[in-house]
$ cat entry.csv   # CSV, C-alpha atoms and all ligand atoms
chain,number,residue,atom,x,y,z
A,1,MET,CA,8.8,-6.5,4.4
A,2,HIS,CA,10.3,-4.2,7.0
A,3,SER,CA,8.4,-2.5,9.7
A,4,LYS,CA,7.3,1.1,9.5
A,5,MET,CA,6.7,3.8,12.0
A,6,VAL,CA,4.2,6.6,11.4
A,7,LYS,CA,3.6,9.3,13.9
A,8,LEU,CA,0.1,10.8,14.1
A,9,ASP,CA,-0.3,14.6,14.5
A,10,ASN,CA,-1.0,14.2,18.2
A,11,GLY,CA,2.3,12.5,18.8
A,12,LEU,CA,1.1,8.9,18.9
A,13,PRO,CA,3.7,6.6,17.2
A,14,VAL,CA,2.1,3.8,15.2
A,15,MET,CA,4.4,0.8,14.4
A,16,TYR,CA,3.4,-1.5,11.5
A,17,LYS,CA,4.5,-4.7,9.9
A,18,LYS,CA,2.7,-6.6,7.2
A,19,TYR,CA,2.4,-10.4,7.2
A,20,PRO,CA,0.6,-12.6,4.6
A,21,ILE,CA,-1.9,-14.0,7.1
A,22,ASP,CA,-5.6,-13.7,7.9
A,23,SER,CA,-5.2,-12.3,11.4
A,24,PHE,CA,-3.8,-9.1,12.9
A,25,SER,CA,-2.2,-8.3,16.2
A,26,MET,CA,-2.6,-5.0,18.0
A,27,VAL,CA,-0.6,-4.0,21.1
A,28,PHE,CA,-0.9,-0.7,22.9
A,29,VAL,CA,1.9,0.3,25.3
A,30,VAL,CA,1.7,3.1,27.8
A,31,ASN,CA,5.0,4.2,29.5
A,32,TYR,CA,3.7,3.9,33.1
A,33,GLY,CA,3.9,1.1,35.6
A,34,SER,CA,4.7,0.3,39.2
A,35,LEU,CA,8.1,1.9,39.3
A,36,TYR,CA,6.4,5.3,39.1
A,37,GLU,CA,4.7,4.5,42.5
A,38,SER,CA,5.8,5.3,46.0
A,39,LYS,CA,5.2,2.7,48.7
A,40,LYS,CA,2.0,4.5,49.7
A,41,GLU,CA,0.6,4.5,46.1
A,42,ASN,CA,1.8,0.9,45.2
A,43,GLY,CA,-0.8,-0.8,43.0
A,44,ILE,CA,-2.4,2.2,41.4
A,45,ALA,CA,-1.0,1.4,37.9
A,46,HIS,CA,-2.5,-2.1,38.2
A,47,PHE,CA,-5.8,-0.8,39.5
A,48,LEU,CA,-6.0,1.7,36.6
A,49,GLU,CA,-5.4,-1.0,34.1
A,50,HIS,CA,-8.3,-3.0,35.6
A,51,LEU,CA,-10.7,0.0,35.6
A,52,LEU,CA,-10.0,0.9,32.0
A,53,THR,CA,-10.6,-2.6,30.7
A,54,LYS,CA,-13.8,-3.0,32.7
A,55,GLN,CA,-16.0,-0.4,31.0
A,56,THR,CA,-15.9,2.9,29.2
A,57,LYS,CA,-18.2,6.0,29.2
A,58,ASN,CA,-19.8,4.6,26.1
A,59,ILE,CA,-19.7,0.9,26.6
A,60,PRO,CA,-21.1,-0.6,29.9
A,61,SER,CA,-19.2,-3.5,31.5
A,62,GLU,CA,-21.3,-6.4,30.2
A,63,LYS,CA,-21.3,-5.1,26.7
A,64,LEU,CA,-17.5,-4.5,26.7
A,65,LYS,CA,-16.9,-8.0,27.9
A,66,ASN,CA,-19.1,-9.5,25.2
A,67,ARG,CA,-17.6,-7.3,22.4
A,68,LEU,CA,-14.1,-8.5,23.2
A,69,PHE,CA,-15.2,-12.1,23.8
A,70,ASP,CA,-17.1,-12.2,20.5
A,71,ASN,CA,-14.6,-10.6,18.3
A,72,ALA,CA,-11.0,-11.2,19.6
A,73,ILE,CA,-9.2,-14.5,19.3
A,74,PHE,CA,-7.2,-13.4,22.3
A,75,TRP,CA,-7.0,-10.3,24.4
A,76,ASN,CA,-5.3,-9.3,27.6
A,77,ALA,CA,-4.0,-6.4,29.6
A,78,MET,CA,-0.9,-6.4,31.8
A,79,THR,CA,0.9,-4.0,34.2
A,80,GLY,CA,4.6,-4.2,34.6
A,81,TYR,CA,7.4,-2.1,36.2
A,82,GLU,CA,7.5,0.5,33.5
A,83,GLN,CA,4.7,-0.2,31.1
A,84,ILE,CA,1.0,-1.1,30.9
A,85,GLN,CA,0.2,-3.2,27.8
A,86,PHE,CA,-3.1,-3.9,26.0
A,87,LEU,CA,-2.9,-6.9,23.6
A,88,PHE,CA,-5.4,-8.1,21.0
A,89,LYS,CA,-5.3,-10.7,18.2
A,90,ALA,CA,-8.3,-11.2,15.9
A,91,HIS,CA,-9.3,-12.0,12.3
A,92,LYS,CA,-8.6,-9.1,9.9
A,93,SER,CA,-12.3,-8.6,9.3
A,94,LYS,CA,-12.6,-7.5,12.9
A,95,PHE,CA,-10.0,-4.8,12.7
A,96,ASP,CA,-12.4,-1.8,12.9
A,97,THR,CA,-14.3,-3.3,15.8
A,98,ILE,CA,-11.2,-4.1,17.9
A,99,ALA,CA,-9.5,-0.7,17.1
A,100,SER,CA,-12.6,1.3,18.0
A,101,THR,CA,-13.0,-0.7,21.2
A,102,LEU,CA,-9.4,-0.1,22.2
A,103,SER,CA,-9.6,3.6,21.4
A,104,ASP,CA,-12.7,3.9,23.5
A,105,ILE,CA,-11.0,2.1,26.4
A,106,LEU,CA,-8.1,4.5,26.2
A,107,ILE,CA,-9.8,7.8,25.4
A,108,ASN,CA,-13.1,7.5,27.2
A,109,PRO,CA,-12.5,5.7,30.5
A,110,ASN,CA,-15.3,5.7,33.1
A,111,ILE,CA,-13.5,6.6,36.3
A,112,ASP,CA,-16.2,7.3,39.0
A,113,GLU,CA,-17.1,6.3,42.6
A,114,LYS,CA,-19.1,3.3,41.6
A,115,ALA,CA,-16.5,1.9,39.2
A,116,VAL,CA,-13.7,2.3,41.7
A,117,ARG,CA,-15.7,0.8,44.5
A,118,LEU,CA,-16.7,-2.2,42.4
A,119,GLU,CA,-13.2,-2.9,41.1
A,120,ARG,CA,-11.6,-3.2,44.6
A,121,GLY,CA,-13.1,-6.7,45.0
A,122,PRO,CA,-11.7,-8.3,41.8
A,123,VAL,CA,-8.3,-6.7,42.5
A,124,ILE,CA,-8.1,-8.0,46.0
A,125,THR,CA,-9.2,-11.5,44.8
A,126,GLU,CA,-6.5,-11.4,42.2
A,127,MET,CA,-3.9,-10.4,44.7
A,128,ARG,CA,-4.9,-13.2,47.1
A,129,GLY,CA,-4.8,-15.8,44.3
A,130,GLY,CA,-1.7,-14.4,42.7
A,131,ASP,CA,1.7,-15.9,43.2
A,132,ASP,CA,3.5,-12.9,44.8
A,133,LYS,CA,4.5,-15.0,47.7
A,134,SER,CA,6.0,-17.8,45.5
A,135,PRO,CA,9.6,-18.8,46.1
A,136,ASP,CA,10.5,-17.1,42.8
A,137,ALA,CA,8.9,-13.8,43.7
A,138,VAL,CA,10.3,-13.8,47.3
A,139,ALA,CA,13.9,-14.6,46.0
A,140,SER,CA,13.7,-12.0,43.2
A,141,SER,CA,12.5,-9.3,45.5
A,142,LYS,CA,15.4,-10.1,48.0
A,143,ILE,CA,18.0,-9.9,45.2
A,144,THR,CA,16.6,-6.6,44.0
A,145,ARG,CA,16.8,-5.3,47.6
A,146,ALA,CA,20.4,-6.4,47.8
A,147,VAL,CA,21.3,-4.6,44.7
A,148,LEU,CA,19.1,-1.5,44.9
A,149,GLY,CA,18.1,-1.1,48.5
A,150,GLU,CA,14.8,0.7,49.0
A,151,HIS,CA,13.5,1.0,45.5
A,152,PRO,CA,10.1,0.6,43.9
A,153,ALA,CA,11.4,-2.5,42.0
A,154,THR,CA,11.3,-4.4,45.4
A,155,PHE,CA,7.5,-3.8,45.6
A,156,THR,CA,5.3,-6.1,43.7
A,157,VAL,CA,3.4,-4.7,40.8
A,158,ALA,CA,0.0,-5.6,42.2
A,159,ASP,CA,0.5,-5.8,46.0
A,160,SER,CA,-1.7,-2.9,46.8
A,161,MET,CA,-3.9,-4.0,49.8
A,162,ARG,CA,-2.8,-1.1,51.9
A,163,ALA,CA,-2.9,1.4,49.0
A,164,LEU,CA,-6.3,0.0,48.0
A,165,ARG,CA,-7.7,0.7,51.4
A,166,ASN,CA,-6.1,4.0,52.2
A,167,TYR,CA,-4.9,5.7,49.0
A,168,ILE,CA,-6.6,4.7,45.8
A,169,ASN,CA,-9.7,6.9,45.1
A,170,VAL,CA,-11.4,8.5,42.1
A,171,SER,CA,-9.3,11.7,42.1
A,172,LYS,CA,-6.0,9.8,42.5
A,173,VAL,CA,-6.9,7.5,39.6
A,174,LYS,CA,-8.1,10.4,37.4
A,175,ASP,CA,-4.9,12.3,38.1
A,176,THR,CA,-2.7,9.4,37.2
A,177,TYR,CA,-4.7,8.7,34.0
A,178,SER,CA,-4.5,12.3,32.8
A,179,LYS,CA,-0.7,12.6,33.5
A,180,TYR,CA,0.4,9.3,31.8
A,181,PHE,CA,-2.3,8.2,29.4
A,182,THR,CA,-1.5,10.5,26.6
A,183,PRO,CA,-0.6,9.9,22.9
A,184,ASP,CA,2.9,11.2,23.3
A,185,ASN,CA,3.6,8.7,26.2
A,186,SER,CA,2.2,5.7,24.3
A,187,VAL,CA,2.9,3.4,21.3
A,188,LEU,CA,0.4,1.6,19.1
A,189,SER,CA,1.7,-1.5,17.3
A,190,VAL,CA,-0.2,-3.3,14.5
A,191,THR,CA,1.1,-6.4,12.6
A,192,GLY,CA,-0.4,-9.0,10.4
A,193,GLY,CA,-2.7,-9.3,7.4
A,194,ILE,CA,-4.0,-5.8,7.3
A,195,GLU,CA,-2.9,-3.3,4.7
A,196,LEU,CA,-1.2,-0.1,5.8
A,197,GLU,CA,-3.5,1.9,3.5
A,198,LYS,CA,-6.6,0.4,5.2
A,199,MET,CA,-5.2,0.5,8.7
A,200,LEU,CA,-3.9,4.1,8.9
A,201,PRO,CA,-7.1,6.0,8.1
A,202,VAL,CA,-9.0,3.9,10.6
A,203,VAL,CA,-6.3,4.5,13.3
A,204,ASN,CA,-6.1,8.2,12.5
A,205,ASP,CA,-9.9,8.5,12.7
A,206,LEU,CA,-10.1,6.7,16.1
A,207,PHE,CA,-6.9,7.9,17.8
A,208,GLY,CA,-6.0,11.2,16.0
A,209,SER,CA,-8.4,13.4,18.0
A,210,TRP,CA,-7.0,12.1,21.3
A,211,SER,CA,-5.5,15.1,23.0
A,212,GLY,CA,-3.5,15.5,26.2
A,213,LYS,CA,0.2,16.0,26.8
A,214,PHE,CA,2.4,13.9,29.1
A,215,SER,CA,2.8,15.6,32.5
A,216,GLY,CA,4.0,12.8,34.7
A,217,LYS,CA,7.4,12.2,36.2
A,218,THR,CA,10.3,10.7,34.2
A,219,LEU,CA,12.1,7.7,35.8
A,220,SER,CA,15.8,8.4,36.5
A,221,PRO,CA,18.4,5.6,36.4
A,222,ALA,CA,18.5,3.8,39.7
A,223,GLU,CA,21.4,4.1,42.0
A,224,TYR,CA,23.0,0.7,42.9
A,225,LEU,CA,24.4,-0.2,46.2
A,226,PRO,CA,28.1,-0.8,46.0
A,227,PRO,CA,28.6,-4.4,44.6
A,228,SER,CA,29.3,-6.9,47.3
A,229,ARG,CA,28.4,-10.5,48.2
A,230,ARG,CA,25.3,-10.1,50.4
A,231,THR,CA,23.8,-13.4,51.3
A,232,PHE,CA,20.3,-14.0,52.6
A,233,ARG,CA,19.2,-17.4,53.9
A,234,LEU,CA,15.5,-17.6,54.3
A,235,ARG,CA,13.3,-20.3,55.7
A,236,GLY,CA,9.6,-21.0,55.5
A,237,VAL,CA,9.0,-21.1,51.7
A,238,ASP,CA,7.9,-24.4,50.3
A,239,GLU,CA,10.7,-24.9,47.8
A,240,SER,CA,14.5,-25.1,48.0
A,241,MET,CA,16.1,-22.6,45.7
A,242,VAL,CA,19.3,-20.6,45.1
A,243,VAL,CA,19.2,-17.3,43.3
A,244,LEU,CA,22.2,-15.1,42.4
A,245,GLY,CA,21.9,-11.6,41.1
A,246,LYS,CA,23.7,-8.3,40.5
A,247,GLY,CA,22.9,-4.9,39.0
A,248,LEU,CA,23.4,-4.0,35.3
A,249,PRO,CA,23.4,-0.7,33.4
A,250,PRO,CA,19.8,0.3,32.6
A,251,ALA,CA,18.5,0.3,29.0
A,252,SER,CA,18.8,4.1,28.9
A,253,LYS,CA,22.6,3.7,29.2
A,254,GLN,CA,23.1,0.4,27.5
A,255,ASN,CA,25.1,-0.7,24.5
A,256,TYR,CA,23.4,-3.3,22.3
A,257,ASP,CA,26.6,-5.5,22.1
A,258,ASP,CA,26.9,-5.7,25.9
A,259,VAL,CA,23.3,-6.7,26.3
A,260,ASN,CA,23.6,-9.4,23.6
A,261,CYS,CA,26.9,-10.7,24.9
A,262,LEU,CA,25.3,-11.1,28.3
A,263,THR,CA,22.3,-12.9,26.8
A,264,ILE,CA,24.8,-15.4,25.3
A,265,ALA,CA,26.7,-15.6,28.6
A,266,ASN,CA,23.4,-16.4,30.4
A,267,SER,CA,22.6,-19.2,27.9
A,268,LEU,CA,26.1,-20.7,28.4
A,269,LEU,CA,25.6,-20.5,32.1
A,270,VAL,CA,22.3,-22.4,31.9
A,271,LYS,CA,23.8,-25.1,29.8
A,272,SER,CA,26.9,-25.6,32.0
A,273,LEU,CA,24.8,-25.6,35.2
A,274,MET,CA,22.6,-28.3,33.7
A,275,LEU,CA,25.6,-30.5,32.9
A,276,GLU,CA,27.6,-29.9,36.1
A,277,LEU,CA,24.7,-30.4,38.5
A,278,ARG,CA,23.6,-33.6,36.8
A,279,GLU,CA,27.1,-34.9,36.8
A,280,LYS,CA,27.5,-34.2,40.6
A,281,THR,CA,24.1,-35.2,41.9
A,282,GLY,CA,22.5,-37.3,39.2
A,283,ILE,CA,19.4,-35.1,39.3
A,284,THR,CA,18.1,-32.9,36.5
A,285,TYR,CA,17.6,-29.3,37.5
A,286,THR,CA,16.1,-26.5,35.5
A,287,PRO,CA,18.4,-23.5,35.9
A,288,SER,CA,17.4,-20.2,34.4
A,289,SER,CA,19.5,-17.2,33.8
A,290,ASP,CA,18.5,-13.8,32.5
A,291,ASN,CA,19.6,-10.2,32.1
A,292,SER,CA,16.7,-7.8,32.3
A,293,HIS,CA,17.1,-4.1,31.3
A,294,MET,CA,14.4,-1.6,32.2
A,295,THR,CA,14.7,2.0,31.2
A,296,SER,CA,15.9,2.9,34.7
A,297,PHE,CA,17.7,-0.3,36.0
A,298,GLY,CA,19.0,-3.7,35.0
A,299,ILE,CA,19.5,-6.9,36.9
A,300,ASN,CA,21.3,-10.2,36.0
A,301,GLU,CA,19.7,-13.1,37.8
A,302,THR,CA,20.4,-16.8,37.8
A,303,SER,CA,18.3,-19.3,39.7
A,304,VAL,CA,18.2,-23.1,40.3
A,305,SER,CA,15.4,-24.8,42.2
A,306,ALA,CA,16.7,-27.8,44.2
A,307,PHE,CA,15.2,-31.1,44.5
A,308,SER,CA,16.4,-31.4,48.1
A,309,PRO,CA,17.8,-28.8,50.6
A,310,LYS,CA,20.9,-31.0,51.1
A,311,TYR,CA,22.1,-29.8,47.7
A,312,LEU,CA,21.8,-26.0,48.3
A,313,ASN,CA,25.5,-25.4,49.2
A,314,LEU,CA,26.6,-27.4,46.2
A,315,ILE,CA,24.4,-25.5,43.9
A,316,GLU,CA,25.5,-22.1,45.3
A,317,ASN,CA,29.1,-23.0,44.8
A,318,THR,CA,28.6,-24.5,41.4
A,319,ILE,CA,26.8,-21.3,40.1
A,320,LEU,CA,29.7,-19.1,41.5
A,321,THR,CA,32.3,-21.4,39.9
A,322,GLU,CA,30.6,-21.3,36.5
A,323,ILE,CA,30.2,-17.5,36.7
A,324,ASP,CA,33.8,-17.2,37.6
A,325,LYS,CA,34.8,-19.1,34.5
A,326,LEU,CA,32.9,-16.7,32.3
A,327,TYR,CA,34.4,-13.7,34.2
A,328,LYS,CA,38.0,-15.1,33.6
A,329,GLY,CA,37.3,-15.6,29.9
A,330,GLU,CA,37.2,-19.4,30.0
A,331,ILE,CA,34.6,-19.5,27.2
A,332,SER,CA,34.4,-22.0,24.4
A,333,HIS,CA,34.3,-20.5,20.9
A,334,GLU,CA,32.2,-23.4,19.7
A,335,ALA,CA,29.6,-23.1,22.4
A,336,VAL,CA,29.3,-19.3,21.7
A,337,GLU,CA,28.8,-20.0,18.0
A,338,LYS,CA,26.1,-22.5,18.7
A,339,VAL,CA,24.2,-20.1,21.0
A,340,LYS,CA,24.6,-17.3,18.4
A,341,GLU,CA,23.3,-19.6,15.6
A,342,ASN,CA,20.3,-20.7,17.6
A,343,THR,CA,19.4,-17.2,18.7
A,344,VAL,CA,19.7,-15.8,15.1
A,345,LEU,CA,17.5,-18.7,13.8
A,346,SER,CA,14.8,-18.3,16.4
A,347,GLY,CA,14.9,-14.6,15.9
A,348,LEU,CA,14.3,-15.0,12.2
A,349,VAL,CA,11.5,-17.5,12.8
A,350,SER,CA,9.7,-15.2,15.1
A,351,LEU,CA,10.2,-12.2,12.8
A,352,GLY,CA,8.8,-14.2,9.9
A,353,GLU,CA,6.0,-16.1,11.5
A,354,GLU,CA,4.8,-14.8,14.8
A,355,SER,CA,2.9,-11.6,14.1
A,356,PHE,CA,1.8,-11.4,17.7
A,357,GLU,CA,5.3,-11.5,19.2
A,358,ILE,CA,6.6,-9.0,16.8
A,359,ALA,CA,3.7,-6.6,17.5
A,360,GLU,CA,4.7,-6.7,21.1
A,361,GLU,CA,8.4,-6.5,20.4
A,362,LEU,CA,8.0,-3.5,18.0
A,363,GLY,CA,5.9,-1.7,20.6
A,364,MET,CA,8.2,-2.4,23.4
A,365,ALA,CA,11.4,-1.5,21.3
A,366,TYR,CA,9.9,1.9,20.7
A,367,ALA,CA,8.6,2.3,24.3
A,368,VAL,CA,11.9,1.3,26.0
A,369,LEU,CA,14.6,2.1,23.5
A,370,LYS,CA,12.9,4.6,21.2
A,371,ASP,CA,14.4,2.4,18.5
A,372,PRO,CA,11.8,0.8,16.2
A,373,THR,CA,14.5,-1.0,14.1
A,374,TYR,CA,15.8,-3.0,17.0
A,375,PRO,CA,13.8,-6.3,16.6
A,376,GLU,CA,14.8,-6.5,13.0
A,377,ALA,CA,18.4,-5.6,13.5
A,378,LEU,CA,18.8,-8.2,16.3
A,379,PRO,CA,19.8,-11.3,14.3
A,380,HIS,CA,22.6,-9.3,12.6
A,381,LEU,CA,23.7,-7.8,15.9
A,382,PHE,CA,24.1,-11.3,17.2
A,383,GLU,CA,26.0,-12.6,14.2
A,384,SER,CA,28.6,-9.9,14.5
A,385,ILE,CA,29.6,-10.7,18.1
A,386,THR,CA,33.2,-11.8,18.5
A,387,MET,CA,35.0,-13.7,21.2
A,388,ASP,CA,36.8,-10.5,22.2
A,389,ASP,CA,33.3,-8.9,22.8
A,390,MET,CA,32.3,-11.9,24.9
A,391,ARG,CA,35.5,-11.7,27.1
A,392,ARG,CA,35.3,-7.9,27.5
A,393,VAL,CA,31.6,-8.0,28.5
A,394,CYS,CA,32.0,-11.0,30.8
A,395,SER,CA,35.0,-9.5,32.6
A,396,ASN,CA,33.2,-6.1,33.0
A,397,HIS,CA,29.9,-7.5,34.3
A,398,LEU,CA,30.3,-11.0,35.7
A,399,ASN,CA,32.7,-10.7,38.7
A,400,PRO,CA,31.3,-13.4,41.0
A,401,ASP,CA,32.2,-11.3,44.1
A,402,ASP,CA,29.6,-8.8,43.0
A,403,PHE,CA,26.7,-11.2,43.1
A,404,SER,CA,24.4,-11.3,46.0
A,405,VAL,CA,23.0,-14.7,47.0
A,406,VAL,CA,19.5,-15.7,48.2
A,407,VAL,CA,19.1,-19.3,49.5
A,408,LEU,CA,15.6,-20.5,50.2
A,409,LYS,CA,15.2,-23.4,52.5
A,410,PRO,CA,11.9,-25.0,53.3
A,411,TYR,CA,10.8,-26.0,56.9
A,412,LYS,CA,11.5,-29.6,57.7
A,413,LYS,CA,8.5,-31.7,57.0
A,414,CYS,CA,7.6,-34.4,59.6
B,501,ZN,ZN,-4.8,-7.7,37.3

$ encode --input "entry.csv" --output "structure tokens"
Amino acid sequence: MHSKMVKLDNGLPVMYKKYPIDSFSMVFVVNYGSLYESKKENGIAHFLEHLLTKQTKNIPSEKLKNRLFDNAIFWNAMTGYEQIQFLFKAHKSKFDTIASTLSDILINPNIDEKAVRLERGPVITEMRGGDDKSPDAVASSKITRAVLGEHPATFTVADSMRALRNYINVSKVKDTYSKYFTPDNSVLSVTGGIELEKMLPVVNDLFGSWSGKFSGKTLSPAEYLPPSRRTFRLRGVDESMVVLGKGLPPASKQNYDDVNCLTIANSLLVKSLMLELREKTGITYTPSSDNSHMTSFGINETSVSAFSPKYLNLIENTILTEIDKLYKGEISHEAVEKVKENTVLSGLVSLGEESFEIAEELGMAYAVLKDPTYPEALPHLFESITMDDMRRVCSNHLNPDDFSVVVLKPYKKC
């Protein structure tokens, strides 16, 4: 069965897809995240996510924790660049309980002095324990800086120690909540073994009276620095790593074929890097290569962690050589077909079996692309890609001279 989209009278879009299973998945997406923050405010989105999931006006902290723990198979909340997500999976008999808990979390938050004071501690602990200083995060933020200059994407989502001390208070948090947490700026996505006829009246009852109109700011597409090979060599991290990256058109200006061709090109790159580097050094590496498209910016990023710093130059040159081959159209038809087939098959598997993934994908497809059909159209879009598409997209987007390079070198150990 295909997915459906129903809009409540207050403007809340509800995505739905039925699966013949005993569980359901529920994902709530709000279009607000750390890219909306200035340096001074950095971390307020993450802080708000914490406050909301801690307690509500009607449910004290202990009771909320117990209710989720006792009824959900899984639940989580996450803050990203452009969205905050609340995710739940539970047995279908628990639908009313989970839905009413989520609506209370969203509609009746308890934002007061005491709650704000008590939540600073857990957020600081999470920041200290988090891996924002990991080689991956350091390299990624450098690449973003090379491509975008001073831009909120170079801040970390949760790195709010300064904001936490000097900026975040009850009125700032309340103001942010009322501007962005509104039905017309959110998406609710429900998939699994719950009937539409049973789900919709419950959802309407719980979320339909939620009022409020979006009055926050809208992200505008980022301005990229002129493409050039900026190279950063950093010491003092505990892993050797090479990361290459360049800017891409944001989702608001993208063409699906371009994105899908780049996804295939990134897979080809991972495969060829694995073979080349093993051939040259006898060591297996785990390269990764991705193109990410936010509403307001996109970045293509390829990284390889090195076993030893003595291979860093070799790795840098090998990545550039392999990108250059794609750029010049030296692409094997057979390899492209294999990636296409695999992507189509894994897409069909997750569409058919993974109700949780599809709940998230449906919600995000609507939040980012305003296109609820995208996840289900994806296998067909992949199948229709031709070699001409591949060559056109690679020559448009993968000029190796446009990639900035970050090389991380650890201190010598004695
Ligand atoms: Zn957190």

$ residues_around --input "entry.csv" --residues "stretch 178-187 of chain A" --least-positions-apart "4" --cutoff "7 Å" --atoms "all atoms listed in the file" --output "count of residues only"
19

$ atom_distance --input "entry.csv" --atom1 "atom CA of A:Lys271" --atom2 "atom CA of A:Ser296"
29.5 Å

$ atom_distance --input "entry.csv" --atom1 "atom CA of A:Ile84" --atom2 "atom CA of A:Pro152"
16.0 Å

$ residues_near_ligand --input "entry.csv" --ligand "ligand ZN 501 (chain B)" --cutoff "10 Å" --atoms "all atoms listed in the file" --output "list in words"
Gly43, Ala45, His46, Phe47, Leu48, Glu49, His50, Leu51, Asn76, Ala77, Met78, Thr79, Pro122, Val123, Ile124, Thr125, Glu126, Met127, Gly130, Val157 and Ala158 of chain A

$ closest_residue --input "entry.csv" --among "A:Ser355, A:Asn169, A:Ser289, A:Ser189" --to "A:Phe24" --atoms "all atoms listed in the file"
A:Ser355

$ residues_near_point --input "entry.csv" --point "(31.0, -7.9, 26.0)" --cutoff "10 Å" --atoms "only C-alpha atoms" --output "short mmCIF file (atom, residue, chain, number, x, y, z; two decimals) with C-alpha atoms, in the coordinates of the input"
data_model
loop_
_atom_site.label_atom_id
_atom_site.label_comp_id
_atom_site.auth_asym_id
_atom_site.auth_seq_id
_atom_site.Cartn_x
_atom_site.Cartn_y
_atom_site.Cartn_z
CA ASN A 255 25.10 -0.70 24.50
CA TYR A 256 23.40 -3.30 22.30
CA ASP A 257 26.60 -5.50 22.10
CA ASP A 258 26.90 -5.70 25.90
CA VAL A 259 23.30 -6.70 26.30
CA ASN A 260 23.60 -9.40 23.60
CA CYS A 261 26.90 -10.70 24.90
CA LEU A 262 25.30 -11.10 28.30
CA ILE A 264 24.80 -15.40 25.30
CA ALA A 265 26.70 -15.60 28.60
CA ILE A 385 29.60 -10.70 18.10
CA THR A 386 33.20 -11.80 18.50
CA MET A 387 35.00 -13.70 21.20
CA ASP A 388 36.80 -10.50 22.20
CA ASP A 389 33.30 -8.90 22.80
CA MET A 390 32.30 -11.90 24.90
CA ARG A 391 35.50 -11.70 27.10
CA ARG A 392 35.30 -7.90 27.50
CA VAL A 393 31.60 -8.00 28.50
CA CYS A 394 32.00 -11.00 30.80
CA SER A 395 35.00 -9.50 32.60
CA ASN A 396 33.20 -6.10 33.00
CA HIS A 397 29.90 -7.50 34.30
#

$ closest_residue --input "entry.csv" --among "A:Asp371, A:Ser272, A:Phe382, A:Ser346" --to "A:Ser332" --atoms "all atoms listed in the file"
A:Ser272

$ residues_around --input "entry.csv" --residues "A:Pro309" --least-positions-apart "4" --cutoff "8 Å" --atoms "all atoms listed in the file" --output "PDB file with C-alpha atoms, in the coordinates of the input"
ATOM      1  CA  SER A 240      14.500 -25.100  48.000  1.00  0.00           C
ATOM      2  CA  LYS A 409      15.200 -23.400  52.500  1.00  0.00           C
ATOM      3  CA  PRO A 410      11.900 -25.000  53.300  1.00  0.00           C
TER       4      PRO A 410
END

$ closest_residue --input "entry.csv" --among "A:Ser308, A:Thr53, A:Asn42, A:Thr154" --to "A:Pro109" --atoms "all atoms listed in the file"
A:Thr53

$ atom_distance --input "entry.csv" --atom1 "atom CA of A:Ala90" --atom2 "atom CA of A:Lys198"
15.9 Å

$ closest_residue --input "entry.csv" --among "A:Met5, A:Met294, A:Ile323, A:Leu196" --to "A:Leu244" --atoms "all atoms listed in the file"
A:Ile323

$ residues_around --input "entry.csv" --residues "A:Phe95" --least-positions-apart "3" --cutoff "10 Å" --atoms "all atoms listed in the file" --output "PyMOL selection string"
chain A and resi 23-26+71-72+89-92+98-101+194+198-199+202

$ residues_around --input "entry.csv" --residues "stretch 300-302 of chain A" --least-positions-apart "4" --cutoff "10 Å" --atoms "all atoms listed in the file" --output "PyMOL selection string"
chain A and resi 140+143-144+242-248+262-263+266+269-270+287-293+319+323+397-398+403-405

$ residues_around --input "entry.csv" --residues "A:Thr321" --least-positions-apart "2" --cutoff "12 Å" --atoms "all atoms listed in the file" --output "list of chain:residue names"
A:Leu269, A:Ser272, A:Leu273, A:Glu276, A:Leu277, A:Leu314, A:Ile315, A:Glu316, A:Asn317, A:Thr318, A:Ile319, A:Ile323, A:Asp324, A:Lys325, A:Leu326, A:Tyr327, A:Lys328, A:Glu330, A:Leu398, A:Asn399, A:Pro400, A:Asp401

$ closest_residue --input "entry.csv" --among "A:Asp104, A:Val138, A:Val170, A:Ser305" --to "A:Arg117" --atoms "all atoms listed in the file"
A:Val170

$ closest_residue --input "entry.csv" --among "A:Lys217, A:Ala306, A:Gly298, A:Tyr411" --to "A:Ile283" --atoms "all atoms listed in the file"
A:Ala306
